Every structure is written in C-alpha cells, then in structure tokens.
file structure.cif (mmCIF, C-alpha atoms and all ligand atoms)
data_data
#
loop_
_atom_site.label_atom_id
_atom_site.label_comp_id
_atom_site.auth_asym_id
_atom_site.auth_seq_id
_atom_site.Cartn_x
_atom_site.Cartn_y
_atom_site.Cartn_z
CA MET A 1 2.78 8.67 29.64
CA GLY A 2 4.52 9.22 26.33
CA LYS A 3 2.99 8.39 22.98
CA PHE A 4 5.84 5.98 22.23
CA ASP A 5 6.50 4.47 25.66
CA ASN A 6 8.66 1.31 25.44
CA LYS A 7 8.81 1.48 21.65
CA ARG A 8 12.19 0.72 20.17
CA ILE A 9 12.89 2.85 17.16
CA VAL A 10 15.98 2.90 14.95
CA LEU A 11 16.41 6.35 13.44
CA GLY A 12 18.46 6.29 10.24
CA VAL A 13 19.92 9.63 9.22
CA ALA A 14 21.21 10.04 5.66
CA GLY A 15 23.26 12.78 4.00
CA SER A 16 20.72 15.50 3.32
CA ILE A 17 20.86 19.15 4.20
CA ALA A 18 17.72 18.35 6.25
CA ALA A 19 19.77 16.12 8.60
CA TYR A 20 19.68 18.88 11.23
CA LYS A 21 15.89 18.40 11.49
CA ALA A 22 16.52 14.81 12.64
CA VAL A 23 17.97 16.28 15.84
CA SER A 24 14.65 17.82 16.84
CA LEU A 25 12.80 14.71 15.67
CA LEU A 26 15.02 12.52 17.88
CA ARG A 27 14.39 14.80 20.82
CA THR A 28 10.62 14.53 20.44
CA LEU A 29 10.72 10.76 20.00
CA VAL A 30 12.75 10.43 23.20
CA GLU A 31 10.46 12.86 25.06
CA GLU A 32 7.52 10.69 23.99
CA GLY A 33 9.10 7.67 25.63
CA ALA A 34 10.78 5.90 22.71
CA GLU A 35 14.14 4.18 23.03
CA VAL A 36 15.92 5.46 19.95
CA SER A 37 19.13 4.12 18.42
CA VAL A 38 20.59 6.36 15.73
CA VAL A 39 22.41 5.08 12.66
CA MET A 40 24.13 7.64 10.45
CA THR A 41 25.55 7.29 6.98
CA LEU A 42 29.02 8.65 6.27
CA ALA A 43 27.43 11.48 4.27
CA ALA A 44 25.13 12.36 7.19
CA LYS A 45 28.21 12.96 9.35
CA GLN A 46 29.13 15.81 6.99
CA PHE A 47 26.00 17.65 8.13
CA VAL A 48 25.61 16.86 11.86
CA THR A 49 28.06 15.30 14.30
CA PRO A 50 27.22 11.92 15.88
CA LEU A 51 27.87 13.52 19.27
CA THR A 52 24.66 15.58 19.00
CA PHE A 53 22.58 12.42 18.46
CA GLU A 54 24.54 10.54 21.14
CA VAL A 55 23.78 13.14 23.79
CA LEU A 56 20.07 13.33 22.92
CA SER A 57 19.51 9.57 22.54
CA LYS A 58 21.79 8.72 25.49
CA ARG A 59 23.15 5.92 23.30
CA SER A 60 26.18 5.52 21.13
CA VAL A 61 25.54 6.29 17.48
CA SER A 62 26.36 3.59 14.97
CA THR A 63 27.97 4.55 11.71
CA ASP A 64 30.33 1.69 10.82
CA LEU A 65 29.42 -1.76 9.56
CA PHE A 66 32.90 -2.95 10.49
CA SER A 67 33.47 -1.61 13.96
CA GLU A 68 36.07 -2.77 16.44
CA SER A 69 33.63 -2.95 19.32
CA GLU A 70 30.95 -5.11 17.65
CA THR A 71 30.89 -7.85 15.01
CA MET A 72 27.28 -7.66 13.73
CA PRO A 73 25.83 -4.20 14.41
CA HIS A 74 23.38 -4.46 11.47
CA LEU A 75 21.66 -7.46 13.06
CA ARG A 76 21.76 -6.27 16.64
CA LEU A 77 20.14 -2.94 15.82
CA THR A 78 16.93 -4.31 14.35
CA GLU A 79 16.69 -7.51 16.39
CA SER A 80 14.21 -6.03 18.83
CA ALA A 81 13.22 -2.87 16.96
CA ASP A 82 9.53 -2.02 16.56
CA LEU A 83 10.24 0.32 13.68
CA VAL A 84 13.00 1.68 11.45
CA LEU A 85 12.52 5.33 10.50
CA VAL A 86 14.87 6.90 7.97
CA ALA A 87 14.61 10.68 8.20
CA PRO A 88 15.86 12.31 6.15
CA ALA A 89 16.08 9.64 3.45
CA THR A 90 18.25 10.64 0.49
CA ALA A 91 17.71 9.63 -3.14
CA ASN A 92 20.76 7.43 -2.71
CA THR A 93 19.38 5.61 0.35
CA LEU A 94 15.99 5.06 -1.32
CA ALA A 95 17.73 3.66 -4.41
CA LYS A 96 19.93 1.32 -2.41
CA SER A 97 16.98 0.01 -0.41
CA ALA A 98 14.86 -0.53 -3.52
CA LEU A 99 17.70 -2.45 -5.16
CA GLY A 100 18.73 -4.34 -2.04
CA LEU A 101 22.25 -2.89 -2.00
CA ALA A 102 24.03 -3.24 1.31
CA ASP A 103 27.34 -1.42 1.29
CA ASP A 104 27.19 0.44 4.59
CA LEU A 105 25.63 0.01 8.02
CA LEU A 106 22.31 1.77 7.31
CA SER A 107 21.57 -0.07 4.03
CA THR A 108 22.66 -3.46 5.41
CA MET A 109 20.53 -2.95 8.49
CA ILE A 110 17.52 -2.00 6.36
CA LEU A 111 17.93 -5.22 4.42
CA ALA A 112 18.10 -7.24 7.63
CA ALA A 113 15.13 -5.49 9.27
CA ARG A 114 11.87 -7.41 9.65
CA CYS A 115 9.96 -4.61 11.36
CA PRO A 116 7.99 -1.86 9.55
CA LEU A 117 10.05 0.71 7.67
CA ILE A 118 9.28 4.38 7.12
CA PHE A 119 11.24 6.62 4.79
CA ALA A 120 10.81 10.39 5.10
CA PRO A 121 12.53 11.66 1.96
CA ALA A 122 14.21 15.04 1.54
CA MET A 123 15.85 16.16 -1.67
CA ASP A 124 15.79 18.73 -4.42
CA GLY A 125 12.52 18.85 -6.40
CA GLU A 126 14.26 17.81 -9.63
CA MET A 127 15.64 14.76 -7.84
CA TRP A 128 12.27 13.77 -6.36
CA ASP A 129 10.68 14.02 -9.83
CA HIS A 130 13.43 11.97 -11.49
CA PRO A 131 12.06 8.75 -13.03
CA SER A 132 14.61 6.66 -11.17
CA VAL A 133 13.57 8.08 -7.77
CA MET A 134 9.92 7.61 -8.74
CA GLU A 135 10.58 4.00 -9.69
CA HIS A 136 12.48 3.24 -6.50
CA THR A 137 9.73 4.82 -4.42
CA GLN A 138 7.15 2.70 -6.20
CA VAL A 139 9.17 -0.50 -5.68
CA LEU A 140 9.50 0.21 -1.98
CA ARG A 141 5.82 1.06 -1.59
CA GLY A 142 4.97 -2.11 -3.48
CA ARG A 143 6.81 -4.04 -0.77
CA GLY A 144 4.71 -2.44 1.92
CA VAL A 145 7.34 0.08 2.98
CA THR A 146 5.96 3.51 3.91
CA VAL A 147 7.61 6.16 1.76
CA MET A 148 6.15 9.49 2.84
CA GLU A 149 5.47 12.26 0.34
CA PRO A 150 7.93 15.12 0.79
CA GLU A 151 6.40 18.57 1.25
CA ASP A 152 6.12 21.50 -1.15
CA GLY A 153 7.93 24.73 -0.38
CA PRO A 154 11.27 26.51 -0.58
CA LEU A 155 14.20 24.12 -1.03
CA ALA A 156 17.85 24.45 -0.02
CA SER A 157 18.72 25.05 -3.70
CA GLY A 158 16.69 28.28 -3.64
CA GLN A 159 14.01 26.73 -5.85
CA VAL A 160 10.45 26.17 -4.75
CA GLY A 161 9.05 22.68 -5.28
CA ARG A 162 8.29 19.30 -3.75
CA GLY A 163 11.20 17.80 -1.85
CA ARG A 164 11.20 19.22 1.66
CA LEU A 165 11.41 16.74 4.52
CA PRO A 166 7.83 16.10 5.71
CA SER A 167 7.04 18.14 8.83
CA GLU A 168 7.96 16.69 12.21
CA GLU A 169 4.24 16.46 12.97
CA ALA A 170 3.59 14.45 9.81
CA ILE A 171 6.50 12.11 10.57
CA LEU A 172 5.36 11.58 14.17
CA ASN A 173 1.79 10.91 13.03
CA THR A 174 3.07 8.36 10.52
CA VAL A 175 5.19 6.68 13.20
CA ALA A 176 2.19 6.57 15.57
CA ALA A 177 -0.10 5.16 12.86
CA CYS A 178 2.49 2.56 11.85
CA LEU A 179 3.07 1.39 15.43
CA SER A 180 -0.64 1.19 16.24
CA ARG A 181 -1.31 -0.77 13.05
CA GLN A 182 1.10 -3.57 13.89
CA HIS A 183 -0.81 -6.85 13.98
CA ASP A 184 -4.21 -5.16 14.34
CA TRP A 185 -5.53 -7.32 11.46
CA ALA A 186 -4.22 -10.58 12.96
CA GLY A 187 -6.91 -13.27 12.87
CA GLN A 188 -8.67 -11.78 9.84
CA ARG A 189 -8.78 -13.66 6.53
CA VAL A 190 -8.95 -11.19 3.70
CA LEU A 191 -9.93 -11.98 0.14
CA VAL A 192 -8.97 -9.18 -2.27
CA SER A 193 -9.78 -8.96 -5.96
CA ALA A 194 -7.67 -6.63 -8.09
CA GLY A 195 -6.89 -5.46 -11.59
CA PRO A 196 -8.97 -5.59 -14.76
CA THR A 197 -10.60 -8.59 -16.36
CA ARG A 198 -10.04 -9.45 -19.99
CA GLU A 199 -12.78 -10.88 -22.22
CA PRO A 200 -11.59 -12.46 -25.49
CA ILE A 201 -13.09 -11.58 -28.87
CA ASP A 202 -10.84 -13.87 -30.88
CA ALA A 203 -7.41 -15.50 -30.44
CA ILE A 204 -5.62 -12.18 -29.98
CA ARG A 205 -8.21 -9.44 -29.37
CA PHE A 206 -9.99 -8.77 -26.12
CA ILE A 207 -12.14 -6.30 -24.20
CA THR A 208 -10.57 -4.87 -21.07
CA ASN A 209 -10.19 -1.62 -19.09
CA GLY A 210 -7.48 0.63 -17.70
CA SER A 211 -7.31 -0.72 -14.16
CA SER A 212 -3.67 -1.16 -13.10
CA GLY A 213 -4.39 -3.24 -9.98
CA LYS A 214 -2.32 -0.88 -7.82
CA MET A 215 -5.09 -0.13 -5.31
CA GLY A 216 -5.96 -3.79 -4.74
CA TYR A 217 -2.32 -4.85 -4.46
CA ALA A 218 -1.71 -2.03 -1.98
CA ILE A 219 -4.67 -3.21 0.13
CA ALA A 220 -3.50 -6.84 0.02
CA GLN A 221 0.00 -5.77 1.01
CA ALA A 222 -1.20 -3.49 3.81
CA ALA A 223 -3.52 -6.15 5.27
CA ALA A 224 -0.73 -8.75 5.21
CA HIS A 225 1.59 -6.26 6.84
CA ARG A 226 -0.93 -5.80 9.63
CA GLY A 227 -1.12 -9.51 10.36
CA ALA A 228 -4.05 -10.68 8.21
CA GLN A 229 -3.96 -13.81 6.10
CA VAL A 230 -4.48 -12.53 2.58
CA LEU A 231 -5.53 -14.14 -0.65
CA LEU A 232 -5.28 -11.93 -3.72
CA VAL A 233 -7.25 -12.86 -6.85
CA SER A 234 -5.87 -10.74 -9.66
CA GLY A 235 -6.71 -10.08 -13.27
CA PRO A 236 -3.83 -9.38 -15.69
CA THR A 237 -1.46 -6.70 -14.30
CA ASN A 238 2.23 -5.86 -14.52
CA LEU A 239 2.65 -5.81 -10.76
CA PRO A 240 4.81 -8.19 -8.72
CA SER A 241 2.89 -10.41 -6.26
CA PRO A 242 2.76 -8.66 -2.88
CA ALA A 243 4.92 -10.17 -0.14
CA ASN A 244 3.31 -12.57 2.36
CA CYS A 245 0.10 -12.93 0.36
CA GLU A 246 -1.18 -15.95 -1.51
CA SER A 247 -1.95 -14.92 -5.11
CA THR A 248 -4.19 -16.44 -7.79
CA SER A 249 -4.13 -15.15 -11.38
CA VAL A 250 -7.27 -15.07 -13.48
CA VAL A 251 -8.17 -13.53 -16.83
CA THR A 252 -11.94 -13.38 -17.41
CA ALA A 253 -14.80 -12.25 -15.18
CA GLU A 254 -16.03 -15.84 -15.02
CA GLU A 255 -12.62 -17.08 -13.84
CA MET A 256 -12.53 -14.33 -11.25
CA GLN A 257 -15.99 -15.30 -10.03
CA GLN A 258 -14.94 -18.94 -9.75
CA ALA A 259 -11.75 -18.13 -7.82
CA LEU A 260 -13.60 -15.82 -5.42
CA GLU A 261 -16.51 -18.21 -4.85
CA ASP A 262 -14.05 -21.02 -4.10
CA LYS A 263 -12.51 -19.01 -1.26
CA PHE A 264 -15.48 -16.96 -0.09
CA SER A 265 -16.44 -19.16 2.87
CA TRP A 266 -12.86 -18.94 4.15
CA ALA A 267 -12.81 -15.14 4.20
CA THR A 268 -13.84 -12.83 7.02
CA VAL A 269 -13.55 -9.81 4.75
CA LEU A 270 -13.96 -9.52 0.99
CA ILE A 271 -12.55 -6.41 -0.68
CA MET A 272 -13.52 -6.19 -4.35
CA THR A 273 -11.24 -3.64 -5.99
CA ALA A 274 -11.16 -5.42 -9.35
CA ALA A 275 -12.59 -3.53 -12.31
CA VAL A 276 -14.61 -6.46 -13.59
CA GLY A 277 -15.72 -5.95 -17.19
CA ASP A 278 -19.51 -5.71 -17.59
CA PHE A 279 -19.68 -7.17 -21.10
CA ARG A 280 -18.10 -9.94 -23.12
CA SER A 281 -18.37 -11.04 -26.73
CA ARG A 282 -21.17 -13.59 -27.15
CA VAL A 283 -19.03 -15.56 -29.60
CA VAL A 284 -15.27 -16.04 -29.26
CA ALA A 285 -13.42 -17.00 -32.43
CA PRO A 286 -10.68 -19.58 -31.78
CA GLN A 287 -8.50 -18.06 -34.52
CA LYS A 288 -7.62 -14.47 -35.29
CA LEU A 289 -10.56 -12.99 -37.20
CA LYS A 290 -9.54 -11.59 -40.58
CA LYS A 291 -10.83 -8.14 -41.39
CA ASP A 292 -13.27 -9.48 -43.98
CA GLU A 293 -14.59 -12.17 -41.57
CA TRP A 294 -16.28 -9.63 -39.27
CA ALA A 295 -20.00 -10.24 -39.56
CA GLY A 296 -20.62 -6.52 -39.40
CA GLU A 297 -19.09 -3.54 -37.74
CA SER A 298 -20.65 -4.22 -34.35
CA LEU A 299 -19.78 -6.77 -31.67
CA ASP A 300 -22.51 -9.00 -30.27
CA LEU A 301 -22.13 -8.53 -26.50
CA GLU A 302 -23.61 -10.17 -23.42
CA ARG A 303 -23.37 -9.35 -19.72
CA THR A 304 -20.64 -10.94 -17.61
CA PRO A 305 -21.64 -12.39 -14.22
CA ASP A 306 -22.27 -9.83 -11.45
CA ILE A 307 -19.73 -11.24 -9.01
CA LEU A 308 -20.45 -8.98 -6.09
CA ALA A 309 -24.21 -9.44 -6.30
CA SER A 310 -23.80 -13.22 -6.40
CA LEU A 311 -21.33 -13.29 -3.48
CA SER A 312 -23.60 -10.99 -1.53
CA LYS A 313 -26.34 -13.64 -1.76
CA GLN A 314 -23.94 -16.25 -0.37
CA LYS A 315 -22.83 -14.03 2.53
CA THR A 316 -22.85 -15.64 5.95
CA HIS A 317 -20.32 -13.91 8.21
CA GLN A 318 -18.22 -11.89 5.76
CA ILE A 319 -17.84 -8.13 5.64
CA LEU A 320 -18.34 -7.10 2.01
CA VAL A 321 -16.47 -4.10 0.66
CA GLY A 322 -17.10 -2.96 -2.89
CA PHE A 323 -15.35 -0.39 -5.03
CA ALA A 324 -17.16 1.85 -7.46
CA ALA A 325 -15.46 3.82 -10.23
CA GLU A 326 -17.43 6.98 -10.87
CA THR A 327 -16.85 10.07 -12.94
CA GLU A 328 -19.63 12.07 -11.24
CA ASN A 329 -22.26 11.98 -8.44
CA HIS A 330 -19.90 9.95 -6.29
CA VAL A 331 -22.07 9.80 -3.18
CA GLU A 332 -25.33 9.12 -5.00
CA ASN A 333 -23.88 6.40 -7.25
CA GLY A 334 -21.94 4.88 -4.38
CA ARG A 335 -25.06 4.69 -2.24
CA LYS A 336 -26.92 2.97 -5.06
CA LYS A 337 -24.22 0.29 -5.32
CA LEU A 338 -24.11 -0.13 -1.52
CA HIS A 339 -27.84 -0.92 -1.37
CA GLN A 340 -28.20 -2.82 -4.65
CA LYS A 341 -25.43 -5.25 -3.72
CA THR A 342 -26.11 -5.30 0.04
CA LEU A 343 -22.57 -4.23 0.89
CA ASP A 344 -21.21 -3.21 4.29
CA LEU A 345 -19.10 -0.49 2.77
CA VAL A 346 -18.44 0.98 -0.63
CA ALA A 347 -15.34 2.98 -1.62
CA VAL A 348 -15.86 5.29 -4.55
CA ASN A 349 -12.89 5.96 -6.84
CA HIS A 350 -12.88 9.26 -8.66
CA ILE A 351 -12.00 8.41 -12.24
CA SER A 352 -12.36 11.61 -14.22
CA GLY A 353 -9.63 14.02 -15.31
CA PRO A 354 -5.85 13.76 -15.08
CA ASP A 355 -6.05 12.69 -11.41
CA SER A 356 -8.13 9.61 -12.28
CA ALA A 357 -7.56 6.66 -9.94
CA PHE A 358 -6.90 4.39 -12.91
CA GLY A 359 -3.19 3.61 -13.25
CA ASN A 360 -2.28 6.46 -10.88
CA ASP A 361 0.02 6.04 -7.87
CA MET A 362 -2.18 8.39 -5.89
CA ASN A 363 -5.86 8.11 -5.07
CA GLU A 364 -8.69 9.67 -3.11
CA LEU A 365 -11.77 7.81 -1.97
CA THR A 366 -15.27 8.60 -0.82
CA ILE A 367 -16.40 5.92 1.61
CA LEU A 368 -20.03 5.11 2.35
CA THR A 369 -21.07 2.64 5.02
CA LYS A 370 -24.24 0.64 5.57
CA ALA A 371 -24.82 2.71 8.71
CA GLY A 372 -25.07 5.83 6.54
CA GLU A 373 -21.66 7.35 7.32
CA ILE A 374 -19.80 9.24 4.61
CA LEU A 375 -16.06 9.68 4.84
CA HIS A 376 -13.62 11.27 2.44
CA LEU A 377 -10.04 10.04 2.27
CA ASP A 378 -7.93 12.89 0.88
CA ARG A 379 -5.61 12.34 -2.02
CA ALA A 380 -2.54 10.35 -0.97
CA ALA A 381 -0.27 7.55 -2.19
CA LYS A 382 -2.27 4.34 -2.71
CA PRO A 383 -0.44 2.39 0.04
CA LEU A 384 -1.42 5.11 2.52
CA ILE A 385 -5.01 5.15 1.24
CA ALA A 386 -4.99 1.34 1.62
CA HIS A 387 -4.04 1.65 5.29
CA ARG A 388 -6.68 4.32 5.92
CA LEU A 389 -9.33 2.19 4.27
CA LEU A 390 -8.29 -0.79 6.41
CA ASP A 391 -8.56 1.47 9.49
CA VAL A 392 -12.20 2.07 8.52
CA ILE A 393 -13.00 -1.58 7.75
CA LEU A 394 -11.36 -3.07 10.85
CA PRO A 395 -14.05 -2.12 13.41
CA LEU A 396 -16.68 -3.65 11.11
CA ALA A 397 -14.64 -6.85 10.82
CA LEU A 398 -14.10 -7.03 14.57
CA HIS A 399 -17.78 -6.57 15.35
CA ARG A 400 -19.21 -8.81 12.66
CA ALA A 401 -21.64 -11.48 13.84
CA LEU A 402 -19.68 -14.10 15.69
CA ASP A 403 -20.81 -16.74 13.29
CA THR A 404 -17.26 -18.04 13.27
CA PRO A 405 -16.35 -19.90 10.12
CA ARG A 406 -14.25 -23.01 9.93
CA ILE A 407 -10.69 -21.97 10.69
CA SER A 408 -8.52 -23.01 7.78
CA ASN A 409 -4.95 -22.27 6.98
CA LEU A 410 -4.02 -20.34 3.84
CA ARG A 411 -1.62 -23.07 2.81
CA SER A 412 -4.46 -25.58 2.65
CA LEU A 413 -6.63 -23.46 0.39
C1 LIG B 501 25.16 20.33 0.62
C2 LIG B 501 24.56 19.04 0.15
C3 LIG B 501 23.24 18.79 0.40
C4 LIG B 501 22.65 17.60 -0.03
N1 LIG B 501 21.33 17.38 0.23
C5 LIG B 501 20.76 16.26 -0.23
C6 LIG B 501 19.37 16.03 -0.01
O1 LIG B 501 18.66 16.82 0.61
N2 LIG B 501 18.84 14.89 -0.49
C7 LIG B 501 19.56 13.97 -1.18
O2 LIG B 501 18.99 12.97 -1.64
N3 LIG B 501 20.89 14.17 -1.39
C8 LIG B 501 21.50 15.28 -0.93
N4 LIG B 501 22.83 15.48 -1.15
C9 LIG B 501 23.59 14.42 -1.83
C10 LIG B 501 23.92 13.26 -0.86
O3 LIG B 501 24.62 13.72 0.27
C11 LIG B 501 24.71 12.20 -1.60
O4 LIG B 501 23.93 11.64 -2.64
C12 LIG B 501 25.21 11.12 -0.69
O5 LIG B 501 25.90 10.15 -1.46
C13 LIG B 501 24.10 10.45 0.07
O6 LIG B 501 24.60 9.36 0.80
P1 LIG B 501 23.74 8.57 1.86
O7 LIG B 501 22.45 8.22 1.20
O8 LIG B 501 24.58 7.38 2.17
O9 LIG B 501 23.57 9.43 3.05
C14 LIG B 501 23.43 16.65 -0.73
C15 LIG B 501 24.78 16.90 -0.96
C16 LIG B 501 25.34 18.09 -0.53
C17 LIG B 501 26.79 18.33 -0.81
#
call {"tool": "encode", "arguments": {"input": "structure.cif", "output": "structure tokens"}}
result
Amino acid sequence: MGKFDNKRIVLGVAGSIAAYKAVSLLRTLVEEGAEVSVVMTLAAKQFVTPLTFEVLSKRSVSTDLFSESETMPHLRLTESADLVLVAPATANTLAKSALGLADDLLSTMILAARCPLIFAPAMDGEMWDHPSVMEHTQVLRGRGVTVMEPEDGPLASGQVGRGRLPSEEAILNTVAACLSRQHDWAGQRVLVSAGPTREPIDAIRFITNGSSGKMGYAIAQAAAHRGAQVLLVSGPTNLPSPANCESTSVVTAEEMQQALEDKFSWATVLIMTAAVGDFRSRVVAPQKLKKDEWAGESLDLERTPDILASLSKQKTHQILVGFAAETENHVENGRKKLHQKTLDLVAVNHISGPDSAFGNDMNELTILTKAGEILHLDRAAKPLIAHRLLDVILPLALHRALDTPRISNLRSL
C-alpha cells in the first residue's frame, strides 16, 4: 500500500535549476501509488527534457496550451485532480499565480484548478527576499494556497541563503498533510474572531493595538478550505476577506461581543484570535477634542466586556479556543487563562522581541488543553500554523458532547 494510492496529482515543473529534483520527486510520488500528470513550462524544458518525466510518470507530459492533440488541456488536467503541486516554483510562476495571469499551460491550469495547491519555491536568496516575491507569496497564502518556505543552504549562484527547494521529505510530508486534510472539517461550524478592536476617545482618536488579524484570517481560511462553514468576525484590518467564509466587520469590543453572541449558538467551535482591547474611554467626545479641552493629562478608562468569559458561561456544545498574547511565562499564563475562562484549549502567542506574533507572517504557538497537554508548534508561516492548530482542535470538535445544535445554513445567519 502506497501513501498516495489512487491520488491524482498534477506536478507542475517551472524553469529553475532545481527542476532536476522534480525527477526524483515524481519517482517517489509514483512509487507511493499516485497517478501523476506532469506539466512543464517552456523554461523548465531548458533544464530537463519532457521525456524523462514521461518515462517515469508513464504519461505524456503537457507543455502547450494550444496543442494539436487536445483542445482544452488546462481544464482536463485538473478536472479530477486531488492536488496540484508546483515543484520547483519559480518567482515568475508565483507572481503569475498571485496576479491571475494565464499565458501558458501551467498558469492557466492553476487558475482553473479547484483542488488544493502547493508551491515549493526554489530561487536565489535575493529573489526570495525581494518585496515583490514576498507580496506574491502573501497573496497566495491569503487565498489558502500552501506556499512552502524554501530551505537555507548553498545556492546555485554560489551564495549561501534561503532559496533552496524544500527537501523531498518536506514536500512529501506537505502533500500527505494536504491530502489528509481535505474535507476533514466538513460538518463543523466555526466562528472565528480576528484583528484588533478600536475604542474611540473622540471623533478621530482611538485606543487600539498592533494585531494585524493575519492569524485569525489564516485560521478562517484553513477551516473553510477543509470543508467547515466559517463565519469570521473581524475588527479593523487591511486584509481581504478570506475566500468561502462569511465575514462580519466590527470596530469596538462591544460590537465584537454582540456579533459573536448572535452567532454563538450556531457554532460548533469558537476560535477567539482577536486582540480585544481591555479598556475604553469612559467618555467619548462626539467632536475632535482640542488640545486645551482635555480635562487633564490622563484618560478616564473603564473595562471593556470580557467576551470570552461571557461566551464561556453561555456554552452548551461548543469547543472554546482562546488565544493569549504573552511576553513571558507562556505556559503559566496560558494555563491561568484556560482555567479562568473555562476553555477547552488555549494557544499562547509569543509577543516579545523582533519575532513577535503581532503583524508578523510567521508565528509559533504554545498550546495548552483542558486535559493538561502541552504542545509547541514550531515557528512557521501563519497559514501552516493555522492548519496545525486545526489538526489539534479537530479531535476535540469530533468528540464534543453530542448535544447537536439546530442545523442552520450560513446563508440564513
Ligand atoms: C540557469 C538558470 C537558472 C534559473 N533558476 C531559477 C530559479 O531557481 N528560480 C527562479 O525563480 N528562476 C530561475 N531562473 C529564471 C527563470 O528560468 C525565468 O524567470 C523563467 O522566465 C521562469 O519561467 P517559468 O516560471 O515559466 O518556468 C533561472 C534561469 C537560468 C538561466
């Protein structure tokens, strides 16, 4: 029995010096039982001949969008595919996919694909660090596409840096994880809060925090990708709404509480990633306060509602997942929050130093469960951390008390 028996994988090969590694990758995929169709870009053919891939995949290799033998190869290839894996993915192919350009067979097929997509990039370190590559990677990840981190080490240019094609083992593990995660969240209704809240002081000033919303959006996107119905309640962020999720925008902690309470009975899982402000100004001036109108130099503050504590009291069947942002004593402080708010699981963000979770594309989490388990998720891109966190939550959601709530459809919320 192979690891990928009966799985249909399209392997896209782009024009990188690492294209030769795709030969070994193809061989392993086939040995593990996958049916692999290879699509090469014109540039890829400069590095390896299609014949090599044809022999190993026992299938013809597609390179032309306009071929004489077939009218719509870009649609046929992904029609029944379980996964599209682009390895190596060039800077050019990442850019085209992020922008939706479709000027050859591989990019057109990627645009037409409705199955999960994995990019395993390979390029010079300077290219990987270029702002445009970083932006394209972020756009793709934001859409739920898996863009793997390239590896550190010696590069073809002679330099040492980050840009090497991820190891075959890492690619195969990612493929396995992606295939096993398909639809595993189907039937779950996930309510996610994300981003900061913003408490007004006057018409233009407010109290807020540095949460970017990226972790919550990544979780919403990952859950939707895995078949869950997802409702995202978000404070002010600059992020586009994740695909296939219903989104509600709020500003203040009170608005966030209202939106979450409205939908709480619908949810099977609540994941509170929002950095809800703890304080608000007791008095809000309707106009902009002039400098000389300040009563003193201090603001009169009051506590905002404790959303998680209040939802915890209303809990019937839901799994409650809280996030804590801690600069120190992660386990101790996380445990305190877990017990105080009667959560099923708490994920502790590390927010000190340059690697702080706030605003960063990468994150690491310490996870504490009600059963006393402690788990550390090593630093990785937030979309990957989101998937790993969902892997941990899923067994809890599947085994929750079968106090089945009224089944409602997202559209009718
Ligand atoms: C020797 C050589 C090696 C290259 N290696 C890479 C690479 O590793 N990664 C990359 O992004 N581009 C690399 N390029 C540049 C791409 O081949 C070029 O951008 C091409 O347009 C990519 O097209 P494609 O994305 O359609 O395959 C290399 C070019 C040459 C000449």
call {"tool": "atom_distance", "arguments": {"input": "structure.cif", "atom1": "CA of Ala91 (chain A)", "atom2": "atom C10 of ligand LIG 501 (chain B)"}}
result
7.5 Å
call {"tool": "closest_residue", "arguments": {"input": "structure.cif", "among": "A:Gln182, A:Ser167, A:Gln258, A:Ser62", "to": "Leu77 (chain A)", "atoms": "only C-alpha atoms"}}
result
A:Ser62
call {"tool": "atom_distance", "arguments": {"input": "structure.cif", "atom1": "CA of Glu246 (chain A)", "atom2": "CA of Tyr217 (chain A)"}}
result
11.5 Å
call {"tool": "closest_residue", "arguments": {"input": "structure.cif", "among": "A:Leu389, A:Ala222, A:Ile351, A:Leu191", "to": "Gln318 (chain A)", "atoms": "all atoms listed in the file"}}
result
A:Leu191
call {"tool": "closest_residue", "arguments": {"input": "structure.cif", "among": "A:Gln138, A:Asn209, A:Met362, A:Ile201", "to": "Trp294 (chain A)", "atoms": "all atoms listed in the file"}}
result
A:Ile201
call {"tool": "atom_distance", "arguments": {"input": "structure.cif", "atom1": "CA of Thr252 (chain A)", "atom2": "CA of Leu231 (chain A)"}}
result
18.0 Å
call {"tool": "closest_atom_pairs", "arguments": {"input": "structure.cif", "of": "chain A", "to": "ligand LIG 501 (chain B)", "cutoff": "6 Å", "atoms": "all atoms listed in the file", "output": "tab-separated table"}}
result
residue	atom	partner	partner_atom	distance
A:Ala14	CA	B:LIG501	O9	3.6
A:Gly15	CA	B:LIG501	O9	3.5
A:Ser16	CA	B:LIG501	C5	3.6
A:Ile17	CA	B:LIG501	N1	4.4
A:Ala18	CA	B:LIG501	O1	5.9
A:Thr41	CA	B:LIG501	O9	4.9
A:Ala43	CA	B:LIG501	O9	4.5
A:Ala44	CA	B:LIG501	O9	5.3
A:Thr90	CA	B:LIG501	O2	3.2
A:Ala91	CA	B:LIG501	O2	3.9
A:Asn92	CA	B:LIG501	O7	4.3
A:Thr93	CA	B:LIG501	O7	4.1
A:Ala122	CA	B:LIG501	O1	4.9
A:Met123	CA	B:LIG501	N2	3.5
